[in-house]
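S.K.: Below is final-v6.cif; it holds mmCIF, C-alpha atoms.
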```
data_upload
#
loop_
_atom_site.label_atom_id
_atom_site.label_comp_id
_atom_site.auth_asym_id
_atom_site.auth_seq_id
_atom_site.Cartn_x
_atom_site.Cartn_y
_atom_site.Cartn_z
CA MET A 38 14.54 35.74 2.49
CA MET A 39 12.34 32.72 2.12
CA THR A 40 13.49 29.85 -0.05
CA VAL A 41 11.92 26.57 -1.05
CA SER A 42 14.38 23.74 -0.51
CA ARG A 43 12.23 20.90 -1.77
CA ARG A 44 9.03 20.66 -3.78
CA GLU A 45 6.82 17.74 -4.77
CA THR A 46 3.31 17.23 -6.13
CA ARG A 47 1.18 14.26 -5.18
CA ALA A 48 -2.12 13.07 -6.62
CA LEU A 49 -5.20 12.82 -4.45
CA ARG A 50 -7.77 10.50 -5.97
CA SER A 51 -8.79 7.98 -3.33
CA SER A 52 -8.75 7.52 0.42
CA ASP A 53 -5.57 5.46 -0.04
CA ASP A 54 -3.94 8.61 -1.41
CA VAL A 55 -5.03 10.45 1.74
CA VAL A 56 -3.11 7.90 3.80
CA ARG A 57 -0.03 8.23 1.58
CA VAL A 58 -0.11 12.03 1.67
CA ARG A 59 -0.39 11.89 5.44
CA GLN A 60 2.70 9.69 5.64
CA ALA A 61 4.58 11.99 3.27
CA VAL A 62 3.64 15.07 5.32
CA ARG A 63 4.84 13.35 8.48
CA GLN A 64 8.19 12.53 6.84
CA TRP A 65 8.60 16.07 5.52
CA ALA A 66 7.67 17.58 8.88
CA MET A 67 10.24 15.36 10.60
CA ALA A 68 12.87 16.32 8.04
CA GLN A 69 12.11 19.98 8.73
CA GLY A 70 12.78 19.41 12.42
CA PHE A 71 9.19 19.75 13.63
CA SER A 72 8.44 18.66 17.19
CA LEU A 73 6.06 15.72 17.70
CA VAL A 74 3.21 18.09 18.49
CA ASP A 75 3.88 20.23 15.42
CA GLN A 76 4.17 17.14 13.24
CA THR A 77 0.88 15.81 14.51
CA LYS A 78 -0.89 19.13 13.97
CA MET A 79 0.38 19.45 10.42
CA VAL A 80 -0.40 15.83 9.57
CA THR A 81 -3.91 16.15 10.97
CA ALA A 82 -4.57 19.39 9.08
CA ALA A 83 -3.26 17.73 5.90
CA SER A 84 -5.51 14.75 6.53
CA GLU A 85 -8.60 16.96 6.78
CA LEU A 86 -7.80 18.95 3.64
CA ALA A 87 -6.70 15.92 1.64
CA ARG A 88 -9.97 14.19 2.45
CA ASN A 89 -11.93 17.30 1.48
CA THR A 90 -10.10 17.32 -1.86
CA VAL A 91 -11.05 13.69 -2.48
CA ASP A 92 -14.59 13.73 -1.07
CA TYR A 93 -15.85 17.18 -2.05
CA GLY A 94 -13.45 18.29 -4.79
CA GLY A 95 -13.70 15.06 -6.76
CA GLY A 96 -9.95 14.52 -6.47
CA GLY A 97 -7.01 16.78 -7.21
CA ASN A 98 -3.49 17.11 -5.94
CA VAL A 99 -1.33 18.53 -3.21
CA LEU A 100 1.90 20.47 -3.57
CA LEU A 101 4.37 19.98 -0.72
CA GLU A 102 7.00 22.66 -0.19
CA ALA A 103 9.76 22.71 2.41
CA LEU A 104 10.42 26.33 3.39
CA ASN A 105 13.56 27.91 4.79
CA GLU A 106 13.61 31.45 6.10
CA GLY A 107 16.82 32.29 7.91
CA SER A 108 17.11 29.63 10.58
CA ARG A 109 13.37 29.13 10.61
CA ARG A 110 12.01 26.11 8.79
CA GLY A 111 8.46 25.44 7.69
CA LEU A 112 6.19 23.32 5.58
CA LYS A 113 3.66 24.62 3.10
CA LEU A 114 0.92 22.51 1.56
CA THR A 115 -1.31 23.55 -1.30
CA PHE A 116 -4.40 21.45 -2.00
CA SER A 117 -6.11 22.06 -5.33
CA ASP A 118 -9.07 20.50 -7.04
CA GLN A 119 -11.27 21.26 -10.02
CA GLY A 120 -14.46 20.43 -8.17
CA PRO A 121 -17.66 22.41 -7.70
CA GLY A 122 -16.00 25.04 -5.50
CA ILE A 123 -17.35 26.64 -2.33
CA ALA A 124 -20.06 29.27 -2.65
CA ASP A 125 -19.90 30.63 0.89
CA ILE A 126 -16.42 30.31 2.37
CA GLU A 127 -17.40 31.93 5.70
CA LEU A 128 -20.13 29.35 6.14
CA ALA A 129 -17.83 26.48 5.13
CA LEU A 130 -15.33 27.56 7.78
CA ARG A 131 -17.97 27.66 10.51
CA ASP A 132 -17.64 24.80 13.00
CA GLY A 133 -20.31 22.18 12.64
CA TYR A 134 -21.31 23.15 9.13
CA THR A 135 -21.00 20.42 6.52
CA SER A 136 -22.50 19.79 3.12
CA GLY A 137 -21.70 16.10 3.55
CA SER A 138 -21.92 13.73 6.51
CA GLY A 139 -18.81 14.64 8.50
CA LEU A 140 -18.49 16.56 11.74
CA GLY A 141 -18.04 19.85 9.90
CA LEU A 142 -14.83 20.64 11.74
CA GLY A 143 -12.20 19.80 9.14
CA LEU A 144 -11.74 23.14 7.38
CA GLY A 145 -11.92 25.27 10.53
CA GLY A 146 -9.79 22.71 12.36
CA ALA A 147 -7.11 22.87 9.67
CA ARG A 148 -7.07 26.66 10.05
CA ARG A 149 -6.61 26.39 13.82
CA LEU A 150 -3.88 23.75 13.47
CA THR A 151 -1.66 25.82 11.19
CA ASN A 152 0.09 29.20 11.29
CA GLU A 153 -1.05 30.45 7.90
CA PHE A 154 -4.23 29.50 6.13
CA ALA A 155 -5.60 30.73 2.81
CA ILE A 156 -8.55 29.52 0.81
CA ASP A 157 -9.42 30.47 -2.71
CA SER A 158 -12.54 29.12 -4.32
CA THR A 159 -15.15 30.08 -6.86
CA PRO A 160 -18.33 28.13 -7.57
CA GLY A 161 -17.61 25.93 -10.57
CA GLY A 162 -13.93 26.89 -10.59
CA GLY A 163 -12.43 24.49 -8.09
CA THR A 164 -10.85 25.12 -4.71
CA ARG A 165 -7.33 25.84 -3.55
CA VAL A 166 -6.39 25.73 0.13
CA THR A 167 -2.91 26.66 1.31
CA ILE A 168 -1.61 25.97 4.80
CA THR A 169 1.80 26.69 6.30
CA ARG A 170 3.21 25.69 9.62
CA TRP A 171 6.54 26.84 11.01
CA GLN A 172 8.76 24.77 13.24
CA CYS A 173 8.41 25.81 16.90
CA GLY A 174 7.61 29.37 18.01
CA ASP A 175 5.24 31.55 16.09
CA ARG A 176 2.28 29.91 17.76
CA ARG A 177 -1.10 31.48 17.56
CA MET B 204 6.76 -20.52 -45.78
CA MET B 205 9.27 -20.57 -43.00
CA SER B 206 12.29 -21.79 -44.92
CA THR B 207 13.34 -22.80 -48.38
CA LEU B 208 12.64 -26.38 -47.45
CA GLY B 209 9.05 -25.41 -46.86
CA LYS B 210 9.19 -26.37 -43.19
CA THR B 211 10.81 -24.80 -40.18
CA ARG B 212 13.94 -26.54 -38.88
CA PHE B 213 13.30 -25.38 -35.34
CA PRO B 214 11.57 -28.55 -34.01
CA ASP B 215 14.23 -30.69 -35.55
CA ILE B 216 17.07 -28.70 -34.01
CA VAL B 217 15.52 -28.48 -30.57
CA ASN B 218 14.93 -32.21 -30.41
CA ARG B 219 17.92 -33.60 -32.26
CA CYS B 220 20.52 -31.32 -30.71
CA GLN B 221 18.95 -31.17 -27.26
CA PRO B 222 22.01 -32.40 -25.29
CA GLN B 223 24.32 -29.86 -26.87
CA LEU B 224 21.77 -27.08 -26.69
CA LEU B 225 21.25 -27.82 -23.01
CA ALA B 226 24.98 -27.79 -22.27
CA ASP B 227 25.55 -24.49 -24.10
CA TRP B 228 22.51 -22.87 -22.58
CA VAL B 229 23.33 -23.85 -18.98
CA GLN B 230 26.91 -22.69 -19.50
CA ASN B 231 25.57 -19.42 -20.81
CA GLN B 232 23.25 -18.90 -17.84
CA LEU B 233 25.95 -19.78 -15.33
CA SER B 234 28.30 -17.18 -16.76
CA ALA B 235 25.63 -14.46 -16.73
CA ALA B 236 26.25 -11.86 -14.06
CA SER B 237 22.75 -12.31 -12.65
CA PHE B 238 23.52 -15.84 -11.68
CA ASN B 239 26.56 -15.14 -9.55
CA ASN B 240 24.51 -14.21 -6.51
CA GLY B 241 23.93 -17.74 -5.24
CA LEU B 242 20.15 -17.51 -5.35
CA MET B 243 19.86 -21.04 -6.70
CA ARG B 244 22.01 -24.11 -7.08
CA GLU B 245 23.61 -25.14 -10.35
CA SER B 246 21.97 -28.57 -10.23
CA GLU B 247 18.56 -26.95 -9.91
CA LEU B 248 19.23 -24.67 -12.86
CA ARG B 249 20.39 -27.61 -14.94
CA GLU B 250 17.25 -29.56 -14.12
CA GLN B 251 14.96 -26.60 -14.86
CA SER B 252 16.69 -26.00 -18.17
CA ARG B 253 16.45 -29.68 -19.11
CA GLN B 254 12.74 -29.82 -18.32
CA PHE B 255 12.04 -26.64 -20.22
CA LEU B 256 13.87 -27.84 -23.34
CA HIS B 257 12.00 -31.10 -23.15
CA ALA B 258 8.62 -29.36 -22.91
CA LEU B 259 9.63 -26.94 -25.65
CA GLY B 260 10.68 -29.82 -27.89
CA GLU B 261 7.30 -31.49 -27.47
CA ALA B 262 5.40 -28.27 -28.07
CA VAL B 263 7.23 -27.20 -31.23
CA GLU B 264 6.79 -30.66 -32.70
CA HIS B 265 3.01 -30.37 -32.76
CA GLY B 266 2.08 -26.83 -31.79
CA ASP B 267 1.74 -23.55 -33.58
CA LEU B 268 4.93 -21.47 -33.27
CA THR B 269 3.05 -18.20 -33.37
CA ASP B 270 0.49 -18.80 -30.65
CA ILE B 271 1.56 -19.99 -27.19
CA GLU B 272 -2.01 -19.83 -25.90
CA GLU B 273 -2.75 -22.94 -27.95
CA SER B 274 -3.33 -26.22 -26.10
CA HIS B 275 -0.05 -27.80 -27.29
CA TRP B 276 1.73 -25.16 -25.25
CA ASP B 277 -0.12 -25.92 -21.99
CA GLU B 278 2.71 -27.92 -20.50
CA THR B 279 5.36 -25.35 -21.44
CA ARG B 280 3.32 -22.49 -20.06
CA GLU B 281 2.60 -24.32 -16.82
CA PHE B 282 6.24 -25.23 -16.44
CA LEU B 283 7.30 -21.62 -16.96
CA ALA B 284 4.69 -20.48 -14.44
CA ALA B 285 6.20 -22.85 -11.88
CA VAL B 286 9.70 -21.56 -12.66
CA SER B 287 8.50 -17.98 -12.33
CA ARG B 288 6.88 -18.69 -8.98
CA SER B 289 9.90 -20.48 -7.54
CA ARG B 290 12.29 -17.77 -8.77
CA ALA B 291 10.14 -15.06 -7.26
CA LEU B 292 10.42 -16.89 -3.94
CA GLN B 293 14.18 -17.30 -4.40
CA GLY B 294 14.50 -13.54 -4.77
CA PHE B 295 15.08 -13.20 -8.51
CA THR B 296 13.93 -9.96 -10.13
CA PRO B 297 11.33 -10.15 -12.96
CA ASN B 298 14.12 -9.31 -15.43
CA GLN B 299 16.31 -12.16 -14.24
CA THR B 300 13.33 -14.50 -14.38
CA ALA B 301 12.50 -13.55 -17.97
CA MET B 302 16.18 -13.93 -18.88
CA PHE B 303 15.80 -17.66 -18.23
CA VAL B 304 13.87 -17.85 -21.49
CA PHE B 305 15.64 -15.07 -23.40
CA SER B 306 19.06 -16.55 -22.72
CA LEU B 307 18.11 -19.56 -24.81
CA LYS B 308 18.32 -17.44 -27.95
CA GLN B 309 22.07 -17.24 -28.14
CA PRO B 310 22.92 -20.97 -28.08
CA LEU B 311 19.94 -21.70 -30.30
CA PHE B 312 20.96 -19.14 -32.91
CA GLN B 313 24.50 -20.47 -32.90
CA LEU B 314 23.27 -23.95 -33.67
CA LEU B 315 21.00 -22.64 -36.39
CA ARG B 316 23.85 -20.73 -37.94
CA GLN B 317 25.87 -23.91 -38.25
CA GLU B 318 22.91 -25.82 -39.68
CA LEU B 319 21.82 -23.18 -42.15
CA GLU B 320 25.19 -21.77 -43.12
CA LYS B 321 24.40 -21.96 -46.81
CA GLN B 322 20.86 -20.63 -46.55
CA PRO B 323 20.97 -17.10 -45.13
CA GLU B 324 17.37 -16.36 -46.03
CA ALA B 325 16.11 -19.45 -44.25
CA LEU B 326 18.30 -18.53 -41.28
CA ILE B 327 16.68 -15.11 -41.00
CA ASP B 328 13.20 -16.62 -41.21
CA GLU B 329 14.04 -19.10 -38.47
CA ILE B 330 15.52 -16.45 -36.24
CA LEU B 331 12.47 -14.26 -36.69
CA SER B 332 10.00 -16.98 -35.80
CA ILE B 333 12.06 -18.22 -32.84
CA THR B 334 12.50 -14.70 -31.52
CA ARG B 335 8.78 -14.13 -31.71
CA LEU B 336 8.11 -17.38 -29.87
CA LEU B 337 10.71 -16.93 -27.12
CA ASP B 338 9.64 -13.32 -26.59
CA GLN B 339 6.11 -14.52 -25.94
CA LEU B 340 7.34 -17.17 -23.51
CA GLY B 341 9.63 -14.72 -21.74
CA LEU B 342 6.82 -12.20 -21.31
CA HIS B 343 4.67 -15.02 -19.99
CA THR B 344 7.08 -15.49 -17.07
CA THR B 345 6.92 -11.75 -16.35
CA GLU B 346 3.14 -11.82 -16.37
CA ILE B 347 3.06 -14.74 -13.94
CA TYR B 348 5.63 -13.02 -11.77
CA GLN B 349 3.43 -9.93 -11.61
CA LYS B 350 0.32 -11.96 -10.85
CA ASN B 351 2.12 -13.67 -7.98
CA ARG B 352 3.16 -10.33 -6.55
CA GLU B 353 -0.41 -9.07 -6.72
CA GLU B 354 -1.64 -12.21 -5.03
CA ILE B 355 0.88 -11.77 -2.21
CA ILE B 356 -0.14 -8.13 -1.74
CA TYR B 357 -3.81 -9.08 -1.68
CA GLN B 358 -3.18 -11.80 0.90
CA GLN B 359 -1.21 -9.41 3.07
CA GLN B 360 -4.04 -6.89 2.91
CA GLN B 361 -6.46 -9.57 4.04
CA GLU B 362 -4.15 -10.63 6.82
CA LEU B 363 -3.79 -7.04 7.98
CA MET B 364 -7.57 -6.70 8.08
CA GLU B 365 -7.81 -9.66 10.37
CA LEU B 366 -4.79 -8.75 12.45
CA SER B 367 -6.05 -5.34 13.24
CA THR B 368 -9.37 -6.29 14.76
CA PRO B 369 -8.71 -8.27 17.88
CA VAL B 370 -11.25 -7.64 20.59
CA VAL B 371 -9.87 -9.05 23.82
CA GLN B 372 -11.57 -9.76 27.07
CA LEU B 373 -9.56 -8.22 29.92
CA TRP B 374 -11.85 -9.24 32.74
CA GLN B 375 -15.35 -10.42 33.27
CA ASN B 376 -17.57 -7.75 31.62
CA ILE B 377 -14.58 -5.75 30.39
CA LEU B 378 -13.49 -5.76 26.75
CA ALA B 379 -10.53 -4.03 25.15
CA LEU B 380 -10.05 -3.06 21.53
CA PRO B 381 -6.48 -2.02 20.77
CA LEU B 382 -6.58 -0.08 17.51
CA ILE B 383 -3.48 0.01 15.36
CA GLY B 384 -2.74 1.95 12.20
CA THR B 385 -4.92 3.86 9.80
CA LEU B 386 -8.56 4.14 10.71
CA ASP B 387 -10.21 5.76 7.73
CA SER B 388 -10.74 2.82 5.45
CA ALA B 389 -13.00 -0.18 5.24
CA ARG B 390 -11.20 -1.34 8.38
CA THR B 391 -13.06 0.99 10.70
CA GLN B 392 -16.36 -0.58 9.78
CA VAL B 393 -15.01 -4.07 10.43
CA VAL B 394 -13.41 -3.03 13.71
CA MET B 395 -16.52 -1.36 15.07
CA GLU B 396 -18.85 -4.17 14.05
CA THR B 397 -16.54 -6.71 15.67
CA LEU B 398 -16.59 -4.74 18.90
CA LEU B 399 -20.38 -4.40 18.99
CA GLN B 400 -20.80 -8.10 18.25
CA LYS B 401 -18.37 -9.01 21.00
CA ILE B 402 -20.28 -6.80 23.44
CA VAL B 403 -23.39 -8.87 22.70
CA ASP B 404 -21.51 -12.17 22.91
CA THR B 405 -19.82 -11.49 26.23
CA ASN B 406 -22.48 -9.30 27.78
CA ALA B 407 -19.76 -6.76 28.53
CA ALA B 408 -20.51 -3.65 30.57
CA ILE B 409 -17.42 -1.71 29.60
CA ALA B 410 -15.38 -1.57 26.40
CA ILE B 411 -11.99 0.12 26.34
CA ILE B 412 -10.94 1.46 22.94
CA ASP B 413 -7.21 2.02 22.97
CA ILE B 414 -5.87 4.36 20.28
CA THR B 415 -2.19 4.28 21.26
CA GLY B 416 -1.38 2.71 17.89
CA VAL B 417 -3.33 5.21 15.81
CA PRO B 418 -0.88 7.81 14.48
CA THR B 419 -3.42 10.40 13.35
CA VAL B 420 -6.74 11.27 14.94
CA ASP B 421 -8.56 13.63 12.61
CA THR B 422 -12.25 14.50 12.48
CA LEU B 423 -13.15 11.35 10.55
CA VAL B 424 -11.47 9.09 13.10
CA ALA B 425 -13.07 11.11 15.91
CA GLN B 426 -16.44 10.72 14.25
CA HIS B 427 -15.98 6.94 13.98
CA LEU B 428 -15.03 6.79 17.65
CA LEU B 429 -18.02 8.89 18.69
CA LYS B 430 -20.38 6.73 16.63
CA THR B 431 -19.01 3.56 18.16
CA VAL B 432 -19.33 4.96 21.67
CA ALA B 433 -22.93 5.96 20.92
CA ALA B 434 -23.76 2.55 19.45
CA ALA B 435 -22.19 0.72 22.38
CA ARG B 436 -24.15 2.91 24.79
CA LEU B 437 -27.38 1.97 23.03
CA MET B 438 -26.45 -1.64 23.71
CA GLY B 439 -25.93 -0.91 27.37
CA ALA B 440 -22.15 -0.79 27.43
CA ASP B 441 -19.94 2.17 28.34
CA CYS B 442 -16.82 2.97 26.36
CA ILE B 443 -13.56 4.35 27.63
CA ILE B 444 -11.11 5.73 25.10
CA SER B 445 -7.50 5.30 26.19
CA GLY B 446 -4.10 5.96 24.70
CA ILE B 447 -4.62 9.68 24.17
CA ARG B 448 -1.09 11.02 23.88
CA PRO B 449 -0.27 14.72 24.49
CA GLN B 450 0.08 15.59 20.80
CA ILE B 451 -3.23 13.89 20.03
CA ALA B 452 -4.96 15.69 22.90
CA LEU B 453 -3.69 19.08 21.65
CA THR B 454 -4.74 18.29 18.11
CA ILE B 455 -8.24 17.22 19.15
CA VAL B 456 -8.66 20.46 21.08
CA HIS B 457 -7.60 22.55 18.07
CA LEU B 458 -9.86 20.59 15.77
CA GLY B 459 -12.75 21.44 18.07
CA VAL B 460 -13.93 17.85 18.48
CA ASP B 461 -16.09 17.51 21.58
CA LEU B 462 -15.16 14.40 23.54
CA THR B 463 -16.55 15.65 26.85
CA ASP B 464 -19.31 13.02 26.84
CA VAL B 465 -16.75 10.26 26.58
CA ILE B 466 -14.51 8.95 29.34
CA THR B 467 -10.92 9.26 28.13
CA LYS B 468 -7.67 8.17 29.72
CA ALA B 469 -4.01 8.57 28.84
CA THR B 470 -3.14 4.90 29.20
CA LEU B 471 -4.82 1.55 28.91
CA ALA B 472 -3.81 0.81 32.52
CA ASP B 473 -5.72 3.88 33.79
CA ALA B 474 -8.72 2.87 31.73
CA PHE B 475 -8.60 -0.66 33.09
CA ALA B 476 -8.46 0.63 36.67
CA ILE B 477 -11.56 2.76 36.07
CA ALA B 478 -13.32 -0.16 34.41
CA LEU B 479 -12.59 -2.47 37.34
CA GLN B 480 -13.85 0.13 39.77
CA ARG B 481 -17.06 0.56 37.83
CA THR B 482 -17.76 -3.14 37.65
CA GLY B 483 -17.16 -3.45 41.37
CA ALA B 484 -13.89 -5.34 41.16
CA SER B 485 -10.55 -4.30 42.53
CA VAL B 486 -6.96 -5.36 42.35
CA ALA B 487 -4.94 -5.65 45.54
CA ALA B 488 -1.48 -6.89 46.32
CA ALA B 489 -1.54 -10.34 47.90
CA GLU B 490 -0.40 -10.52 51.46
CA ARG B 491 2.70 -12.58 51.90
CA ALA B 492 3.03 -14.81 54.90
#
```
When written as structure tokens, how does the structure in this file appear?
M.R.:
Amino acid sequence: MMTVSRRETRALRSSDDVVRVRQAVRQWAMAQGFSLVDQTKMVTAASELARNTVDYGGGGNVLLEALNEGSRRGLKLTFSDQGPGIADIELALRDGYTSGSGLGLGLGGARRLTNEFAIDSTPGGGTRVTITRWQCGDRR
Amino acid sequence: MMSTLGKTRFPDIVNRCQPQLLADWVQNQLSAASFNNGLMRESELREQSRQFLHALGEAVEHGDLTDIEESHWDETREFLAAVSRSRALQGFTPNQTAMFVFSLKQPLFQLLRQELEKQPEALIDEILSITRLLDQLGLHTTEIYQKNREEIIYQQQQELMELSTPVVQLWQNILALPLIGTLDSARTQVVMETLLQKIVDTNAAIAIIDITGVPTVDTLVAQHLLKTVAAARLMGADCIISGIRPQIALTIVHLGVDLTDVITKATLADAFAIALQRTGASVAAAERA
């Protein structure tokens, strides 16, 4: 049975918030016993999604959840914004596609860096991206 | 009117009873729990208290008791600002700093009670006006305290900006830029411009960008690096990116960032060796006789 041992919401309004969320994710990942590689992957994925929330979603927040399932421990992050939403999710996930000026690798990269990835968005209705990474094992 | 006599007794009491007021007040402050931590000497406290009472006495004689922004209060406000600054440095909390002013109420009210024993209404009026005044002065110390903090934070930010952009010359024609900390702020711009300028100044052929001190390399950081490499190349210099740790390498691969056009090395030493080789220099152990 999966339980949530800790839960916290953080605001994402500016690029300073992105830095703070990144630090928080690193601390949480360490507390969950993630290896250095797993920490780095989760932090990097969080960085990409947090910046998307600020840059494209017009700001929002992230919900951090520490997961326990048996002896397995994980970290789940939910990024939500009330921005313009994504019309074509398949296109947005394609490497190299960007509606801004970035490399267009953030969303797809975040998916590849995590174990579970879900995106829910409707044009005009905001965007919600959920990622989960489990400590060790379970690699794709 | 302030009292039945038509004039507030406050200036009179502050000035006439100053020695006693000072003694009571200092005693009061010394016995407060917040003072038992040895943050400042008793003699210093006594002197500060004396100076404040003196300034207060002058101000209440001529100034408006309801408005401390008035020019008669300049000296008092400046003195309190100095106290606030020095206490912040001594490690007092904002509360303890404001208590310097607030703690004057008790001895002052005691004196007033003796003076106005027979005039309870006048006593209440006095207490009200003094409370209002001392509250303003106490909040003034808090405001200054806060401003000082903000100033310190701003200065530190500026210092960090400067600290984090050292471009060093390792050898003739070889520059190194050790990057430390977060890269996705205004800093990146400064860092990159500094590097490009230094390439011009030193006519460098190779620039080593070391990212050992960068905890997270995401697509934005990668993009900044790629742009810098491209700009340096346009200026005739090659870049080597060093300090790519295993976890960073794995992450970059998963992100899908293409660094194949860039020379990358695990350590700064490896990068330096390559740079020496490319510029036709070499390092050899000296032969001992």
S.K.: Per residue of chain B within 10 Å of chain A, note the shortest atom pair and the distance in Å to one decimal, counting only C-alpha atoms, and order the rows by chain and increasing residue number, as JSON lines.
M.R.:
```
{"residue": "B:Thr385", "atom": "CA", "partner": "A:Val56", "partner_atom": "CA", "distance": 7.5}
{"residue": "B:Leu386", "atom": "CA", "partner": "A:Val56", "partner_atom": "CA", "distance": 9.6}
{"residue": "B:Asp387", "atom": "CA", "partner": "A:Ser52", "partner_atom": "CA", "distance": 7.7}
{"residue": "B:Ser388", "atom": "CA", "partner": "A:Ser52", "partner_atom": "CA", "distance": 7.2}
{"residue": "B:Pro418", "atom": "CA", "partner": "A:Thr77", "partner_atom": "CA", "distance": 8.2}
{"residue": "B:Thr419", "atom": "CA", "partner": "A:Thr81", "partner_atom": "CA", "distance": 6.2}
{"residue": "B:Val420", "atom": "CA", "partner": "A:Thr81", "partner_atom": "CA", "distance": 6.9}
{"residue": "B:Asp421", "atom": "CA", "partner": "A:Thr81", "partner_atom": "CA", "distance": 5.5}
{"residue": "B:Thr422", "atom": "CA", "partner": "A:Gly143", "partner_atom": "CA", "distance": 6.3}
{"residue": "B:Leu423", "atom": "CA", "partner": "A:Gly139", "partner_atom": "CA", "distance": 6.9}
{"residue": "B:Ala425", "atom": "CA", "partner": "A:Leu140", "partner_atom": "CA", "distance": 8.7}
{"residue": "B:Gln426", "atom": "CA", "partner": "A:Leu140", "partner_atom": "CA", "distance": 6.7}
{"residue": "B:His427", "atom": "CA", "partner": "A:Gly139", "partner_atom": "CA", "distance": 9.9}
{"residue": "B:Arg448", "atom": "CA", "partner": "A:Val74", "partner_atom": "CA", "distance": 9.9}
{"residue": "B:Pro449", "atom": "CA", "partner": "A:Val74", "partner_atom": "CA", "distance": 7.7}
{"residue": "B:Gln450", "atom": "CA", "partner": "A:Val74", "partner_atom": "CA", "distance": 4.6}
{"residue": "B:Ile451", "atom": "CA", "partner": "A:Thr77", "partner_atom": "CA", "distance": 7.1}
{"residue": "B:Ala452", "atom": "CA", "partner": "A:Val74", "partner_atom": "CA", "distance": 9.6}
{"residue": "B:Leu453", "atom": "CA", "partner": "A:Val74", "partner_atom": "CA", "distance": 7.7}
{"residue": "B:Thr454", "atom": "CA", "partner": "A:Lys78", "partner_atom": "CA", "distance": 5.7}
{"residue": "B:Ile455", "atom": "CA", "partner": "A:Gly146", "partner_atom": "CA", "distance": 8.9}
{"residue": "B:Val456", "atom": "CA", "partner": "A:Gly146", "partner_atom": "CA", "distance": 9.1}
{"residue": "B:His457", "atom": "CA", "partner": "A:Arg149", "partner_atom": "CA", "distance": 5.8}
{"residue": "B:Leu458", "atom": "CA", "partner": "A:Gly146", "partner_atom": "CA", "distance": 4.0}
{"residue": "B:Gly459", "atom": "CA", "partner": "A:Gly146", "partner_atom": "CA", "distance": 6.6}
{"residue": "B:Val460", "atom": "CA", "partner": "A:Leu142", "partner_atom": "CA", "distance": 7.3}
```
S.K.: In Å, how far is it from CA of Thr167 (chain A) to CA of Glu153 (chain A)?
M.R.: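 Straight-line distance from CA of Thr167 (chain A) to CA of Glu153 (chain A) works out to 7.8 Å.
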S.K.: Find the residues with any atom within 7 Å of (-19.3, 0.2, 29.7); use only C-alpha atoms and the coordinates as given in the file, and write the answer as a list in words.
M.R.: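 Answer for this query, in the requested form: Ala408, Ile409, Ala410, Ala440, Asp441 and Cys442 of chain B.
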S.K.: May I have the residues within 12 Å of region 349-360 of chain B as a VMD selection string, using all atoms listed in the file and disregarding those fewer than 6 positions away in the same chain?
M.R.: chain B and resid 284 to 292 294 296 to 298 300 to 301 342 to 343 366 to 367 389 to 390
S.K.: Name all residues at most 8 Å from Gly97 (chain A) (count all atoms listed in the file; drop same-chain ones fewer than 3 positions away) and give them as a ChimeraX atom specification.
M.R.: /A:48-50,90-91,94,116-119
S.K.: Expanded to explicit residues, what is the PyMOL selection byres ((chain B and resi 270) around 12) for this file, as JSON, numbers by chain?
M.R.: {"B": [262, 263, 266, 267, 268, 269, 271, 272, 273, 274, 275, 276, 277, 280, 332, 333, 335, 336, 337, 338, 339, 340]}
S.K.: Tell me which residues the PyMOL selection byres ((chain B and resi 224-238) around 12) grabs here, as a count of residues only.
M.R.: 53
S.K.: Report, in Å to a single decimal, how far apart CA of Thr115 (chain A) and CA of Asp54 (chain A) are.
M.R.: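 Computing the Euclidean distance for CA of Asp54 (chain A) and CA of Thr115 (chain A) yields 15.2 Å.
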S.K.: Please compute the CA of Leu326 (chain B)-CA of Arg212 (chain B) distance, one decimal, in Å.
M.R.: 9.4 Å
S.K.: Counting all atoms listed in the file, what is within 12 Å of Glu102 (chain A), bar same-chain residues fewer than 5 positions away, as an mmCIF file with C-alpha atoms, in the coordinates of the input?
M.R.:
```
data_model
loop_
_atom_site.group_PDB
_atom_site.id
_atom_site.type_symbol
_atom_site.label_atom_id
_atom_site.label_comp_id
_atom_site.auth_asym_id
_atom_site.auth_seq_id
_atom_site.Cartn_x
_atom_site.Cartn_y
_atom_site.Cartn_z
ATOM 1 C CA MET A 39 12.340 32.720 2.120
ATOM 2 C CA THR A 40 13.490 29.850 -0.050
ATOM 3 C CA VAL A 41 11.920 26.570 -1.050
ATOM 4 C CA SER A 42 14.380 23.740 -0.510
ATOM 5 C CA ARG A 43 12.230 20.900 -1.770
ATOM 6 C CA ARG A 44 9.030 20.660 -3.780
ATOM 7 C CA GLU A 45 6.820 17.740 -4.770
ATOM 8 C CA THR A 46 3.310 17.230 -6.130
ATOM 9 C CA ARG A 47 1.180 14.260 -5.180
ATOM 10 C CA ALA A 61 4.580 11.990 3.270
ATOM 11 C CA VAL A 62 3.640 15.070 5.320
ATOM 12 C CA TRP A 65 8.600 16.070 5.520
ATOM 13 C CA ALA A 66 7.670 17.580 8.880
ATOM 14 C CA ALA A 68 12.870 16.320 8.040
ATOM 15 C CA GLN A 69 12.110 19.980 8.730
ATOM 16 C CA ARG A 110 12.010 26.110 8.790
ATOM 17 C CA GLY A 111 8.460 25.440 7.690
ATOM 18 C CA LEU A 112 6.190 23.320 5.580
ATOM 19 C CA LYS A 113 3.660 24.620 3.100
ATOM 20 C CA LEU A 114 0.920 22.510 1.560
ATOM 21 C CA THR A 115 -1.310 23.550 -1.300
ATOM 22 C CA PHE A 116 -4.400 21.450 -2.000
ATOM 23 C CA THR A 167 -2.910 26.660 1.310
ATOM 24 C CA ILE A 168 -1.610 25.970 4.800
ATOM 25 C CA THR A 169 1.800 26.690 6.300
ATOM 26 C CA ARG A 170 3.210 25.690 9.620
ATOM 27 C CA TRP A 171 6.540 26.840 11.010
#
```
